[in-house]
$ cat model-v4.cif   # mmCIF, C-alpha atoms (C1' of nucleotides)
data_protein
loop_
_atom_site.label_atom_id
_atom_site.label_comp_id
_atom_site.auth_asym_id
_atom_site.auth_seq_id
_atom_site.Cartn_x
_atom_site.Cartn_y
_atom_site.Cartn_z
CA MET L 213 -56.58 2.20 4.63
CA ASP L 214 -53.63 3.38 2.73
CA LYS L 215 -51.26 3.92 5.58
CA ILE L 216 -48.55 1.92 3.94
CA PRO L 217 -48.52 3.85 0.67
CA GLU L 218 -48.44 7.07 2.64
CA ARG L 219 -45.49 5.96 4.68
CA THR L 220 -43.75 4.70 1.60
CA LYS L 221 -44.34 8.01 -0.09
CA SER L 222 -42.88 9.84 2.88
CA GLU L 223 -39.83 7.63 3.00
CA THR L 224 -39.28 8.25 -0.66
CA LYS L 225 -39.16 12.00 -0.04
CA THR L 226 -36.82 11.48 2.89
CA ALA L 227 -34.51 9.48 0.69
CA ALA L 228 -34.70 12.08 -2.05
CA ILE L 229 -33.80 14.83 0.42
CA LEU L 230 -30.84 12.87 1.73
CA LYS L 231 -29.69 12.23 -1.80
CA GLY L 232 -29.90 15.90 -2.66
CA ALA L 233 -28.22 16.85 0.59
CA MET L 234 -25.40 14.41 -0.13
CA LYS L 235 -24.77 15.91 -3.54
CA GLU L 236 -24.76 19.48 -2.30
CA PHE L 237 -22.97 19.11 1.03
CA LEU L 238 -20.22 16.98 -0.47
CA LYS L 239 -19.76 19.48 -3.26
CA ASN L 240 -19.95 22.76 -1.32
CA GLY L 241 -19.29 21.92 2.31
CA TYR L 242 -21.62 22.72 5.18
CA ALA L 243 -21.70 26.52 5.29
CA ALA L 244 -21.79 27.10 1.54
CA THR L 245 -24.72 24.74 1.04
CA SER L 246 -28.09 26.45 1.28
CA MET L 247 -31.35 24.75 2.09
CA ASP L 248 -32.65 26.09 -1.22
CA LYS L 249 -29.94 24.18 -3.07
CA VAL L 250 -30.78 21.02 -1.16
CA ALA L 251 -34.50 21.39 -1.84
CA LYS L 252 -33.94 22.04 -5.52
CA SER L 253 -31.52 19.13 -5.85
CA ALA L 254 -33.98 16.84 -4.07
CA GLY L 255 -36.91 18.00 -6.16
CA VAL L 256 -39.02 19.07 -3.19
CA SER L 257 -39.93 22.35 -1.56
CA LYS L 258 -37.82 23.90 1.14
CA ALA L 259 -40.64 23.54 3.67
CA THR L 260 -40.63 19.79 3.09
CA VAL L 261 -36.94 19.62 3.87
CA TYR L 262 -37.56 21.42 7.15
CA SER L 263 -40.56 19.27 8.08
CA HIS L 264 -38.46 16.14 7.62
CA PHE L 265 -35.23 17.19 9.31
CA GLY L 266 -35.96 20.15 11.56
CA ASP L 267 -33.09 22.41 10.63
CA LYS L 268 -29.93 22.57 8.56
CA GLU L 269 -27.65 21.23 11.26
CA LYS L 270 -29.86 18.22 11.94
CA LEU L 271 -30.00 17.45 8.23
CA PHE L 272 -26.23 17.60 7.97
CA ASN L 273 -25.81 15.36 10.98
CA ALA L 274 -28.29 12.83 9.63
CA LEU L 275 -26.59 12.77 6.25
CA ILE L 276 -23.08 12.28 7.57
CA GLN L 277 -24.20 9.59 10.01
CA ASP L 278 -25.82 7.89 7.02
CA LEU L 279 -22.61 8.05 5.03
CA VAL L 280 -20.58 6.78 7.99
CA LYS L 281 -22.93 3.82 8.27
CA ASP L 282 -22.42 3.20 4.58
CA LYS L 283 -18.63 3.20 4.86
CA PHE L 284 -18.90 0.89 7.85
CA GLN L 285 -20.71 -1.62 5.67
CA THR L 286 -17.94 -1.35 3.11
CA VAL L 287 -15.27 -2.00 5.73
CA MET L 288 -17.13 -4.97 7.14
CA GLY L 289 -17.61 -6.38 3.69
CA LEU L 290 -13.85 -6.70 3.38
CA GLU L 291 -13.46 -8.88 6.44
CA GLN L 292 -13.17 -12.05 4.51
CA PRO L 293 -10.91 -14.15 6.75
CA GLN L 294 -7.49 -13.61 5.18
CA SER L 295 -5.70 -16.81 4.46
CA LEU L 296 -2.89 -17.23 6.96
CA GLU L 297 -1.02 -19.55 4.67
CA GLN L 298 -0.48 -17.04 1.92
CA ASP L 299 2.65 -14.95 1.75
CA PRO L 300 1.89 -11.80 3.76
CA LYS L 301 3.64 -9.75 1.10
CA ILE L 302 0.98 -10.72 -1.37
CA VAL L 303 -1.89 -10.25 1.05
CA LEU L 304 -0.69 -6.88 2.31
CA SER L 305 0.04 -5.43 -1.09
CA ALA L 306 -3.32 -6.66 -2.33
CA ILE L 307 -5.12 -4.95 0.54
CA MET L 308 -3.29 -1.71 -0.02
CA SER L 309 -3.77 -1.81 -3.77
CA LYS L 310 -7.48 -2.17 -3.20
CA MET L 311 -7.49 0.79 -0.78
CA LEU L 312 -5.64 2.86 -3.35
CA ASP L 313 -7.91 1.92 -6.23
CA ASN L 314 -10.98 2.73 -4.19
CA ALA L 315 -9.70 6.13 -3.14
CA GLN L 316 -8.49 7.00 -6.61
CA SER L 317 -11.61 5.98 -8.48
CA ASP L 318 -14.28 7.14 -6.04
CA ARG L 319 -14.49 10.88 -6.17
CA SER L 320 -17.32 11.12 -3.64
CA PHE L 321 -15.21 9.17 -1.16
CA ARG L 322 -12.55 11.85 -1.31
CA ASP L 323 -15.23 14.55 -0.93
CA PHE L 324 -16.49 12.67 2.10
CA MET L 325 -13.04 12.56 3.69
CA ARG L 326 -12.58 16.24 2.93
CA ILE L 327 -15.77 17.22 4.67
CA ILE L 328 -15.16 14.99 7.69
CA ILE L 329 -11.73 16.54 8.19
CA GLY L 330 -12.74 20.04 7.18
CA GLU L 331 -15.71 20.13 9.56
CA SER L 332 -14.07 18.16 12.36
CA GLY L 333 -13.54 21.38 14.29
CA ARG L 334 -17.14 22.53 14.16
CA PHE L 335 -18.73 19.05 14.14
CA PRO L 336 -16.52 16.96 16.45
CA GLU L 337 -19.23 14.35 16.98
CA LEU L 338 -19.25 13.53 13.28
CA ALA L 339 -15.50 13.07 13.20
CA LYS L 340 -15.78 10.81 16.24
CA ALA L 341 -18.47 8.80 14.52
CA TYR L 342 -16.14 8.31 11.57
CA VAL L 343 -13.29 7.23 13.80
CA ALA L 344 -15.43 4.83 15.80
CA ASN L 345 -17.29 3.25 12.88
CA VAL L 346 -14.81 3.38 10.00
CA ALA L 347 -11.23 3.94 11.11
CA LYS L 348 -11.41 1.79 14.25
CA PRO L 349 -12.87 -1.34 12.60
CA THR L 350 -10.35 -1.04 9.79
CA ILE L 351 -7.52 -0.78 12.29
CA GLU L 352 -8.81 -3.78 14.22
CA ILE L 353 -9.17 -6.00 11.18
CA LEU L 354 -5.65 -5.25 10.03
CA THR L 355 -4.24 -5.63 13.53
CA LYS L 356 -5.91 -9.00 13.88
CA TYR L 357 -4.30 -10.13 10.67
CA LEU L 358 -0.83 -8.90 11.57
CA LYS L 359 -1.08 -10.49 15.01
CA SER L 360 -2.28 -13.87 13.87
CA HIS L 361 0.01 -14.42 10.95
CA PRO L 362 2.63 -17.02 11.81
CA THR L 363 5.59 -15.68 9.86
CA LEU L 364 5.15 -12.02 10.77
CA LYS L 365 6.99 -11.41 14.00
CA LEU L 366 6.14 -7.79 14.65
CA GLU L 367 7.07 -6.06 17.87
CA ASP L 368 4.03 -3.80 17.87
CA PRO L 369 1.25 -4.80 15.45
CA GLU L 370 -1.09 -1.98 16.54
CA ALA L 371 1.48 0.68 15.80
CA THR L 372 2.47 -1.07 12.57
CA VAL L 373 -1.11 -0.84 11.36
CA ARG L 374 -1.00 2.91 11.91
CA VAL L 375 2.09 3.04 9.72
CA MET L 376 0.26 1.18 6.98
CA MET L 377 -2.91 3.21 7.09
CA GLY L 378 -1.09 6.49 7.52
CA THR L 379 1.06 5.82 4.50
CA MET L 380 -1.92 5.08 2.30
CA VAL L 381 -4.11 7.90 3.59
CA TYR L 382 -1.35 10.47 3.29
CA PHE L 383 -0.48 9.33 -0.20
CA VAL L 384 -4.04 9.70 -1.44
CA MET L 385 -4.46 12.96 0.42
CA LEU L 386 -1.32 14.54 -1.02
CA GLN L 387 -1.57 13.25 -4.57
CA GLU L 388 -5.31 13.37 -5.16
CA MET L 389 -7.09 15.54 -2.64
CA MET L 390 -4.43 18.26 -2.40
CA HIS L 391 -3.59 18.03 -6.11
CA GLY L 392 0.03 17.08 -5.53
CA LYS L 393 0.16 14.73 -8.52
CA ASP L 394 2.09 17.20 -10.65
CA VAL L 395 4.15 18.88 -7.94
CA VAL L 396 5.39 15.78 -6.11
CA PRO L 397 4.65 12.90 -8.47
CA LEU L 398 5.16 9.37 -7.25
CA GLU L 399 3.94 5.97 -8.31
CA GLY L 400 1.53 4.43 -5.83
CA ASP L 401 3.08 1.02 -6.46
CA ARG L 402 6.42 2.21 -5.17
CA VAL L 403 4.84 3.22 -1.89
CA ILE L 404 3.02 -0.08 -1.57
CA GLN L 405 6.15 -2.03 -2.44
CA THR L 406 8.25 -0.13 0.07
CA LEU L 407 5.71 -0.50 2.83
CA THR L 408 5.28 -4.21 2.18
CA ASP L 409 9.03 -4.77 2.23
CA LEU L 410 9.46 -2.84 5.46
CA ILE L 411 6.76 -4.81 7.25
CA SER L 412 7.61 -8.28 5.98
CA ARG L 413 11.35 -7.59 6.13
CA ASN L 414 12.07 -8.49 2.52
CA MET E 13 6.40 65.40 4.33
CA ASP E 14 4.92 62.56 6.29
CA LYS E 15 4.76 59.98 3.57
CA ILE E 16 6.52 57.41 5.67
CA PRO E 17 4.17 57.69 8.62
CA GLU E 18 1.25 57.35 6.21
CA ARG E 19 2.62 54.24 4.64
CA THR E 20 3.44 52.81 8.01
CA LYS E 21 -0.07 53.47 9.17
CA SER E 22 -1.46 51.74 6.11
CA GLU E 23 0.74 48.72 6.55
CA THR E 24 -0.33 48.50 10.13
CA LYS E 25 -3.96 48.26 9.05
CA THR E 26 -3.09 45.64 6.46
CA ALA E 27 -1.42 43.57 9.13
CA ALA E 28 -4.36 44.03 11.48
CA ILE E 29 -6.75 42.86 8.79
CA LEU E 30 -4.66 39.80 8.04
CA LYS E 31 -4.50 39.02 11.73
CA GLY E 32 -8.25 39.31 12.10
CA ALA E 33 -8.77 37.29 8.94
CA MET E 34 -6.48 34.59 10.25
CA LYS E 35 -8.40 34.30 13.49
CA GLU E 36 -11.79 34.15 11.82
CA PHE E 37 -11.00 32.02 8.76
CA LEU E 38 -9.12 29.45 10.81
CA LYS E 39 -11.96 29.25 13.29
CA ASN E 40 -14.95 29.24 10.94
CA GLY E 41 -13.67 28.19 7.54
CA TYR E 42 -14.10 30.22 4.36
CA ALA E 43 -17.85 30.26 3.77
CA ALA E 44 -18.89 30.75 7.40
CA THR E 45 -16.58 33.74 7.85
CA SER E 46 -18.23 37.06 7.01
CA MET E 47 -16.40 40.22 6.10
CA ASP E 48 -18.14 41.88 9.05
CA LYS E 49 -16.51 39.37 11.40
CA VAL E 50 -13.12 40.02 9.85
CA ALA E 51 -13.53 43.78 10.08
CA LYS E 52 -14.67 43.61 13.68
CA SER E 53 -11.87 41.25 14.65
CA ALA E 54 -9.33 43.51 12.94
CA GLY E 55 -10.72 46.66 14.52
CA VAL E 56 -11.40 48.41 11.22
CA SER E 57 -14.43 49.13 9.10
CA LYS E 58 -15.61 46.72 6.46
CA ALA E 59 -14.92 49.27 3.72
CA THR E 60 -11.29 49.36 4.78
CA VAL E 61 -11.03 45.61 4.43
CA TYR E 62 -12.38 45.88 0.90
CA SER E 63 -10.11 48.77 -0.03
CA HIS E 64 -7.08 46.73 1.04
CA PHE E 65 -7.93 43.34 -0.42
CA GLY E 66 -10.59 43.83 -3.09
CA ASP E 67 -12.97 41.07 -2.18
CA LYS E 68 -13.42 38.12 0.16
CA GLU E 69 -11.77 35.57 -2.08
CA LYS E 70 -8.67 37.72 -2.59
CA LEU E 71 -8.39 38.25 1.15
CA PHE E 72 -8.62 34.52 1.78
CA ASN E 73 -6.01 33.80 -0.86
CA ALA E 74 -3.65 36.41 0.54
CA LEU E 75 -4.04 35.07 4.06
CA ILE E 76 -3.41 31.44 3.17
CA GLN E 77 -0.43 32.32 0.99
CA ASP E 78 0.89 34.24 3.96
CA LEU E 79 0.49 31.26 6.24
CA VAL E 80 2.06 28.94 3.69
CA LYS E 81 5.06 31.25 3.51
CA ASP E 82 5.25 31.14 7.29
CA LYS E 83 5.25 27.32 7.38
CA PHE E 84 7.88 27.32 4.68
CA GLN E 85 10.15 29.35 6.94
CA THR E 86 9.56 26.84 9.71
CA VAL E 87 10.49 23.93 7.48
CA MET E 88 13.62 25.66 6.23
CA GLY E 89 14.64 26.47 9.78
CA LEU E 90 14.90 22.76 10.45
CA GLU E 91 17.40 22.10 7.72
CA GLN E 92 20.38 22.07 9.98
CA PRO E 93 22.68 19.60 8.24
CA GLN E 94 21.95 16.35 10.06
CA SER E 95 25.05 14.66 11.31
CA LEU E 96 25.71 11.59 9.23
CA GLU E 97 27.77 10.01 11.95
CA GLN E 98 24.97 9.74 14.46
CA ASP E 99 22.84 6.65 14.73
CA PRO E 100 19.95 7.17 12.30
CA LYS E 101 17.59 5.73 14.89
CA ILE E 102 18.29 8.65 17.14
CA VAL E 103 18.12 11.25 14.39
CA LEU E 104 14.90 9.89 12.91
CA SER E 105 13.08 9.54 16.20
CA ALA E 106 14.19 13.04 17.19
CA ILE E 107 12.82 14.48 13.96
CA MET E 108 9.51 12.70 14.37
CA SER E 109 9.21 13.60 18.02
CA LYS E 110 9.65 17.22 17.10
CA MET E 111 6.98 16.95 14.40
CA LEU E 112 4.63 15.38 16.89
CA ASP E 113 5.24 17.95 19.59
CA ASN E 114 4.67 20.78 17.16
CA ALA E 115 1.40 19.38 15.89
CA GLN E 116 0.14 18.55 19.36
CA SER E 117 0.96 21.86 20.98
CA ASP E 118 0.07 24.23 18.16
CA ARG E 119 -3.66 24.43 17.82
CA SER E 120 -3.62 26.95 15.00
CA PHE E 121 -1.41 24.62 13.01
CA ARG E 122 -4.10 21.97 13.14
CA ASP E 123 -6.71 24.57 12.15
CA PHE E 124 -4.48 25.50 9.24
CA MET E 125 -4.22 21.89 8.07
CA ARG E 126 -7.96 21.50 8.44
CA ILE E 127 -8.72 24.46 6.24
CA ILE E 128 -6.16 23.54 3.59
CA ILE E 129 -7.69 20.07 3.30
CA GLY E 130 -11.26 21.19 3.78
CA GLU E 131 -11.05 23.87 1.09
CA SER E 132 -8.78 21.94 -1.27
CA GLY E 133 -11.78 21.18 -3.47
CA ARG E 134 -12.90 24.77 -3.89
CA PHE E 135 -9.42 26.37 -3.65
CA PRO E 136 -7.11 23.92 -5.42
CA GLU E 137 -4.42 26.57 -5.94
CA LEU E 138 -4.04 27.01 -2.21
CA ALA E 139 -3.62 23.29 -1.65
CA LYS E 140 -1.04 23.26 -4.43
CA ALA E 141 0.80 26.14 -2.79
CA TYR E 142 0.92 24.14 0.43
CA VAL E 143 2.23 21.06 -1.36
CA ALA E 144 4.86 23.00 -3.28
CA ASN E 145 6.10 25.16 -0.40
CA VAL E 146 5.64 23.00 2.68
CA ALA E 147 5.18 19.32 1.89
CA LYS E 148 7.67 19.19 -0.99
CA PRO E 149 10.61 20.82 0.85
CA THR E 150 9.99 18.60 3.85
CA ILE E 151 9.98 15.52 1.65
CA GLU E 152 13.17 16.64 -0.06
CA ILE E 153 15.05 17.32 3.14
CA LEU E 154 14.16 13.94 4.57
CA THR E 155 14.92 12.17 1.30
CA LYS E 156 18.32 13.80 1.15
CA TYR E 157 19.08 12.57 4.64
CA LEU E 158 17.94 9.01 3.97
CA LYS E 159 19.88 8.90 0.72
CA SER E 160 23.13 10.23 2.09
CA HIS E 161 23.36 8.28 5.31
CA PRO E 162 26.03 5.58 5.01
CA THR E 163 24.45 2.82 7.12
CA LEU E 164 20.92 3.16 5.78
CA LYS E 165 20.65 0.98 2.71
CA LEU E 166 17.12 1.74 1.57
CA GLU E 167 15.76 0.44 -1.71
CA ASP E 168 13.52 3.47 -2.27
CA PRO E 169 14.27 6.49 -0.10
CA GLU E 170 11.61 8.69 -1.73
CA ALA E 171 8.87 6.19 -1.01
CA THR E 172 10.25 5.58 2.48
CA VAL E 173 9.90 9.27 3.26
CA ARG E 174 6.23 9.07 2.31
CA VAL E 175 5.85 6.24 4.79
CA MET E 176 7.41 8.38 7.51
CA MET E 177 5.41 11.49 6.84
CA GLY E 178 2.19 9.62 6.25
CA THR E 179 2.51 7.83 9.54
CA MET E 180 3.02 11.03 11.48
CA VAL E 181 0.38 13.06 9.65
CA TYR E 182 -2.22 10.33 9.96
CA PHE E 183 -1.48 9.86 13.63
CA VAL E 184 -1.97 13.54 14.42
CA MET E 185 -4.99 13.71 12.19
CA LEU E 186 -6.74 10.75 13.78
CA GLN E 187 -5.84 11.41 17.40
CA GLU E 188 -6.00 15.20 17.56
CA MET E 189 -7.88 16.66 14.63
CA MET E 190 -10.57 14.00 14.41
CA HIS E 191 -10.76 13.58 18.16
CA GLY E 192 -9.77 9.91 18.12
CA LYS E 193 -7.74 10.13 21.34
CA ASP E 194 -10.44 8.42 23.41
CA VAL E 195 -11.84 6.08 20.76
CA VAL E 196 -8.57 4.67 19.41
CA PRO E 197 -5.96 5.66 22.00
CA LEU E 198 -2.31 5.03 21.21
CA GLU E 199 0.96 6.39 22.49
CA GLY E 200 2.79 8.51 19.96
CA ASP E 201 6.09 7.06 21.11
CA ARG E 202 5.02 3.58 20.07
CA VAL E 203 4.38 4.79 16.54
CA ILE E 204 7.72 6.58 16.39
CA GLN E 205 9.54 3.59 17.81
CA THR E 206 7.89 1.20 15.35
CA LEU E 207 8.60 3.43 12.39
CA THR E 208 12.21 3.95 13.40
CA ASP E 209 12.75 0.21 13.81
CA LEU E 210 11.18 -0.56 10.46
CA ILE E 211 13.35 1.93 8.62
CA SER E 212 16.65 1.25 10.34
CA ARG E 213 15.96 -2.50 10.50
CA ASN E 214 16.56 -2.86 14.22
"C1'" DG W 85 -47.64 16.14 4.10
"C1'" DT W 86 -46.50 19.32 0.75
"C1'" DC W 87 -46.70 23.40 -1.39
"C1'" DT W 88 -46.22 28.96 -2.20
"C1'" DA W 89 -45.35 33.07 -0.14
"C1'" DT W 90 -43.07 35.62 3.04
"C1'" DA W 91 -40.76 37.29 7.43
"C1'" DC W 92 -36.52 38.70 9.13
"C1'" DA W 93 -31.42 38.49 9.48
"C1'" DT W 94 -27.19 38.59 7.38
"C1'" DC W 95 -24.40 38.35 3.42
"C1'" DG W 96 -20.84 40.66 -0.02
"C1'" DA W 97 -19.98 44.86 -1.83
"C1'" DT W 98 -20.25 50.02 -2.63
"C1'" DA W 99 -21.51 55.25 -2.39
"C1'" DG W 100 -20.44 59.31 -0.41
"C1'" DA W 101 -18.89 62.24 3.60
"C1'" DC W 102 -14.70 63.52 5.84
"C1'" DG G 89 -7.56 56.20 3.52
"C1'" DT G 90 -11.13 55.41 6.55
"C1'" DC G 91 -15.43 55.82 8.09
"C1'" DT G 92 -21.03 55.34 8.32
"C1'" DA G 93 -24.90 54.18 5.92
"C1'" DT G 94 -27.04 51.49 2.76
"C1'" DC G 95 -28.02 48.61 -1.46
"C1'" DG G 96 -29.71 44.26 -3.48
"C1'" DA G 97 -29.19 39.39 -3.04
"C1'" DT G 98 -29.47 35.53 -0.46
"C1'" DG G 99 -29.63 32.99 3.93
"C1'" DT G 100 -32.59 30.20 7.57
"C1'" DA G 101 -36.86 29.33 8.99
"C1'" DT G 102 -41.99 29.53 9.26
"C1'" DA G 103 -47.17 30.71 8.33
"C1'" DG G 104 -51.03 29.43 6.03
"C1'" DA G 105 -53.52 27.35 1.97
"C1'" DC G 106 -54.51 22.90 0.07
#
$ encode --input "model-v4.cif" --output "structure tokens"
Amino acid sequence: MDKIPERTKSETKTAAILKGAMKEFLKNGYAATSMDKVAKSAGVSKATVYSHFGDKEKLFNALIQDLVKDKFQTVMGLEQPQSLEQDPKIVLSAIMSKMLDNAQSDRSFRDFMRIIIGESGRFPELAKAYVANVAKPTIEILTKYLKSHPTLKLEDPEATVRVMMGTMVYFVMLQEMMHGKDVVPLEGDRVIQTLTDLISRN
Amino acid sequence: MDKIPERTKSETKTAAILKGAMKEFLKNGYAATSMDKVAKSAGVSKATVYSHFGDKEKLFNALIQDLVKDKFQTVMGLEQPQSLEQDPKIVLSAIMSKMLDNAQSDRSFRDFMRIIIGESGRFPELAKAYVANVAKPTIEILTKYLKSHPTLKLEDPEATVRVMMGTMVYFVMLQEMMHGKDVVPLEGDRVIQTLTDLISRN
DNA sequence: GTCTATACATCGATAGAC
DNA sequence: GTCTATCGATGTATAGAC
């Protein structure tokens, strides 16, 4: 019996559809992406897309949940226990530099953030999934670090983490996503430096 | 001659169309909003919408530019010369509390931010208009205050303003727009307090 | 399971009467 | 200027052959 090849074949199509859906949804958004575009981009017929995912909304949900899972893996991969002996200035600015590099080099990451925010009104469950599986773990990892470090005596580590993340997210959003680079130029290093100094009190 | 009544009538229709367009575009986004919806919501025929604005893209551009102009007025209204004698802690936390209240009470403001970000890939000029006419003036007003205050000795006021705005924007975005209130609850006052302490160094 | 062909609704945009 | 009626294109979704 060739049940295994059949299943493998099917999973290959599923993956191809998700790949095509990712390309199109991230590029055009939900409403402007047609199932024809997805099918074409995936190299399958439209009927195959429907037989695998039911309808457009289910496909979109499946794709975003997939991407959220992917970002979760990325976040968890960064939880190498931060050395508590190192100067927090160095550790913090290294973390934020990495965040910045990622966001600036990965165009599909910015498209992903755009769609999560842009569709958060019509797809609240997807935004919640992002918060629960990406933002929350990131916040917790950073909070744990700020709390456990011996020389950092912060009054409110949880709130301080929001300051850190907000600063970085807003910077990327304004400069890169909203094309503010030319209108309100600013060096990312200055923001990181300022934030680090504020938190570790020079 | 009744030229004036005619023009008035025409301007009334234009305003009605923009009002209907605002309601529909903010609710559904660009692609999911049909010209039929706009016409119905405005109480006019579809042909009238086209005769006033040419096509869908021009209507969307006109509407967003209108809203940007409106937010610009709001920002400029807040430029009452901040007293330099008052404790910056009080001034800063008052400013941020006001920002927070606005964002939390005004639902259409959050819809506006959502659409600016969500469409910033396909309508970069609109995002740029927002940055130039809303974000930039806000940044400049706050920078001017931080620079001119006698007891605040900040190394980099421009970058510090980004920290402030990023913190507030990210907080509203995560808690309200992305429905994080239940998943990652946090009191807004704690964030404001923390930020104020960091900047004015307790 | 996957395809082609197609049903049926809705889209953006316009013609023509008034 | 504003309307009704309608065009052709395109949308989601499915039927039926293989």
$ atom_distance --input "model-v4.cif" --atom1 "CA of Ile29 in chain E" --atom2 "CA of Phe72 in chain E"
11.1 Å
$ interface_residues --input "model-v4.cif" --of "chain L" --to "chain W" --cutoff "9 Å" --atoms "only C-alpha atoms (C1' of nucleotides)" --output "ChimeraX atom specification"
/L:222,256-257,259-260,263
$ resolve_selection --input "model-v4.cif" --expression "the PyMOL selection byres ((chain L) within 8 of (chain E))" --output "number ranges by chain"
L: 240, 243-244, 323, 326-327, 329-334, 336, 339-340, 343-344, 348, 367-368, 371-372, 374-383, 386, 389-392, 395-396, 398, 402-403, 406-407, 410-411
$ write_last_selection --input "model-v4.cif" --atoms "C-alpha atoms" --output "PDB file, in the coordinates of the input"
ATOM      1  CA  ASN L 240     -19.950  22.760  -1.320  1.00  0.00           C
ATOM      2  CA  ALA L 243     -21.700  26.520   5.290  1.00  0.00           C
ATOM      3  CA  ALA L 244     -21.790  27.100   1.540  1.00  0.00           C
ATOM      4  CA  ASP L 323     -15.230  14.550  -0.930  1.00  0.00           C
ATOM      5  CA  ARG L 326     -12.580  16.240   2.930  1.00  0.00           C
ATOM      6  CA  ILE L 327     -15.770  17.220   4.670  1.00  0.00           C
ATOM      7  CA  ILE L 329     -11.730  16.540   8.190  1.00  0.00           C
ATOM      8  CA  GLY L 330     -12.740  20.040   7.180  1.00  0.00           C
ATOM      9  CA  GLU L 331     -15.710  20.130   9.560  1.00  0.00           C
ATOM     10  CA  SER L 332     -14.070  18.160  12.360  1.00  0.00           C
ATOM     11  CA  GLY L 333     -13.540  21.380  14.290  1.00  0.00           C
ATOM     12  CA  ARG L 334     -17.140  22.530  14.160  1.00  0.00           C
ATOM     13  CA  PRO L 336     -16.520  16.960  16.450  1.00  0.00           C
ATOM     14  CA  ALA L 339     -15.500  13.070  13.200  1.00  0.00           C
ATOM     15  CA  LYS L 340     -15.780  10.810  16.240  1.00  0.00           C
ATOM     16  CA  VAL L 343     -13.290   7.230  13.800  1.00  0.00           C
ATOM     17  CA  ALA L 344     -15.430   4.830  15.800  1.00  0.00           C
ATOM     18  CA  LYS L 348     -11.410   1.790  14.250  1.00  0.00           C
ATOM     19  CA  GLU L 367       7.070  -6.060  17.870  1.00  0.00           C
ATOM     20  CA  ASP L 368       4.030  -3.800  17.870  1.00  0.00           C
ATOM     21  CA  ALA L 371       1.480   0.680  15.800  1.00  0.00           C
ATOM     22  CA  THR L 372       2.470  -1.070  12.570  1.00  0.00           C
ATOM     23  CA  ARG L 374      -1.000   2.910  11.910  1.00  0.00           C
ATOM     24  CA  VAL L 375       2.090   3.040   9.720  1.00  0.00           C
ATOM     25  CA  MET L 376       0.260   1.180   6.980  1.00  0.00           C
ATOM     26  CA  MET L 377      -2.910   3.210   7.090  1.00  0.00           C
ATOM     27  CA  GLY L 378      -1.090   6.490   7.520  1.00  0.00           C
ATOM     28  CA  THR L 379       1.060   5.820   4.500  1.00  0.00           C
ATOM     29  CA  MET L 380      -1.920   5.080   2.300  1.00  0.00           C
ATOM     30  CA  VAL L 381      -4.110   7.900   3.590  1.00  0.00           C
ATOM     31  CA  TYR L 382      -1.350  10.470   3.290  1.00  0.00           C
ATOM     32  CA  PHE L 383      -0.480   9.330  -0.200  1.00  0.00           C
ATOM     33  CA  LEU L 386      -1.320  14.540  -1.020  1.00  0.00           C
ATOM     34  CA  MET L 389      -7.090  15.540  -2.640  1.00  0.00           C
ATOM     35  CA  MET L 390      -4.430  18.260  -2.400  1.00  0.00           C
ATOM     36  CA  HIS L 391      -3.590  18.030  -6.110  1.00  0.00           C
ATOM     37  CA  GLY L 392       0.030  17.080  -5.530  1.00  0.00           C
ATOM     38  CA  VAL L 395       4.150  18.880  -7.940  1.00  0.00           C
ATOM     39  CA  VAL L 396       5.390  15.780  -6.110  1.00  0.00           C
ATOM     40  CA  LEU L 398       5.160   9.370  -7.250  1.00  0.00           C
ATOM     41  CA  ARG L 402       6.420   2.210  -5.170  1.00  0.00           C
ATOM     42  CA  VAL L 403       4.840   3.220  -1.890  1.00  0.00           C
ATOM     43  CA  THR L 406       8.250  -0.130   0.070  1.00  0.00           C
ATOM     44  CA  LEU L 407       5.710  -0.500   2.830  1.00  0.00           C
ATOM     45  CA  LEU L 410       9.460  -2.840   5.460  1.00  0.00           C
ATOM     46  CA  ILE L 411       6.760  -4.810   7.250  1.00  0.00           C
TER      47      ILE L 411
END
$ atom_distance --input "model-v4.cif" --atom1 "CA of Thr86 in chain E" --atom2 "CA of Ile153 in chain E"
12.8 Å
$ interface_residues --input "model-v4.cif" --of "chain G" --to "chain L" --cutoff "12 Å" --atoms "only C-alpha atoms (C1' of nucleotides)" --output "VMD selection string"
chain G and resid 98 to 103
$ atom_distance --input "model-v4.cif" --atom1 "CA of Pro397 in chain L" --atom2 "CA of Gln92 in chain E"
25.9 Å
$ resolve_selection --input "model-v4.cif" --expression "the PyMOL selection byres ((chain E and resi 100) around 10)" --output "compact mmCIF listing (two decimals) with C-alpha atoms, keeping the file's coordinate frame"
# COMPACT_ATOMS: atom_id res chain seq x y z
CA GLN E 94 21.95 16.35 10.06
CA SER E 95 25.05 14.66 11.31
CA LEU E 96 25.71 11.59 9.23
CA GLU E 97 27.77 10.01 11.95
CA GLN E 98 24.97 9.74 14.46
CA ASP E 99 22.84 6.65 14.73
CA LYS E 101 17.59 5.73 14.89
CA ILE E 102 18.29 8.65 17.14
CA VAL E 103 18.12 11.25 14.39
CA LEU E 104 14.90 9.89 12.91
CA SER E 105 13.08 9.54 16.20
CA ALA E 106 14.19 13.04 17.19
CA TYR E 157 19.08 12.57 4.64
CA LEU E 158 17.94 9.01 3.97
CA HIS E 161 23.36 8.28 5.31
CA PRO E 162 26.03 5.58 5.01
CA THR E 163 24.45 2.82 7.12
CA LEU E 164 20.92 3.16 5.78
CA THR E 208 12.21 3.95 13.40
CA ILE E 211 13.35 1.93 8.62
CA SER E 212 16.65 1.25 10.34
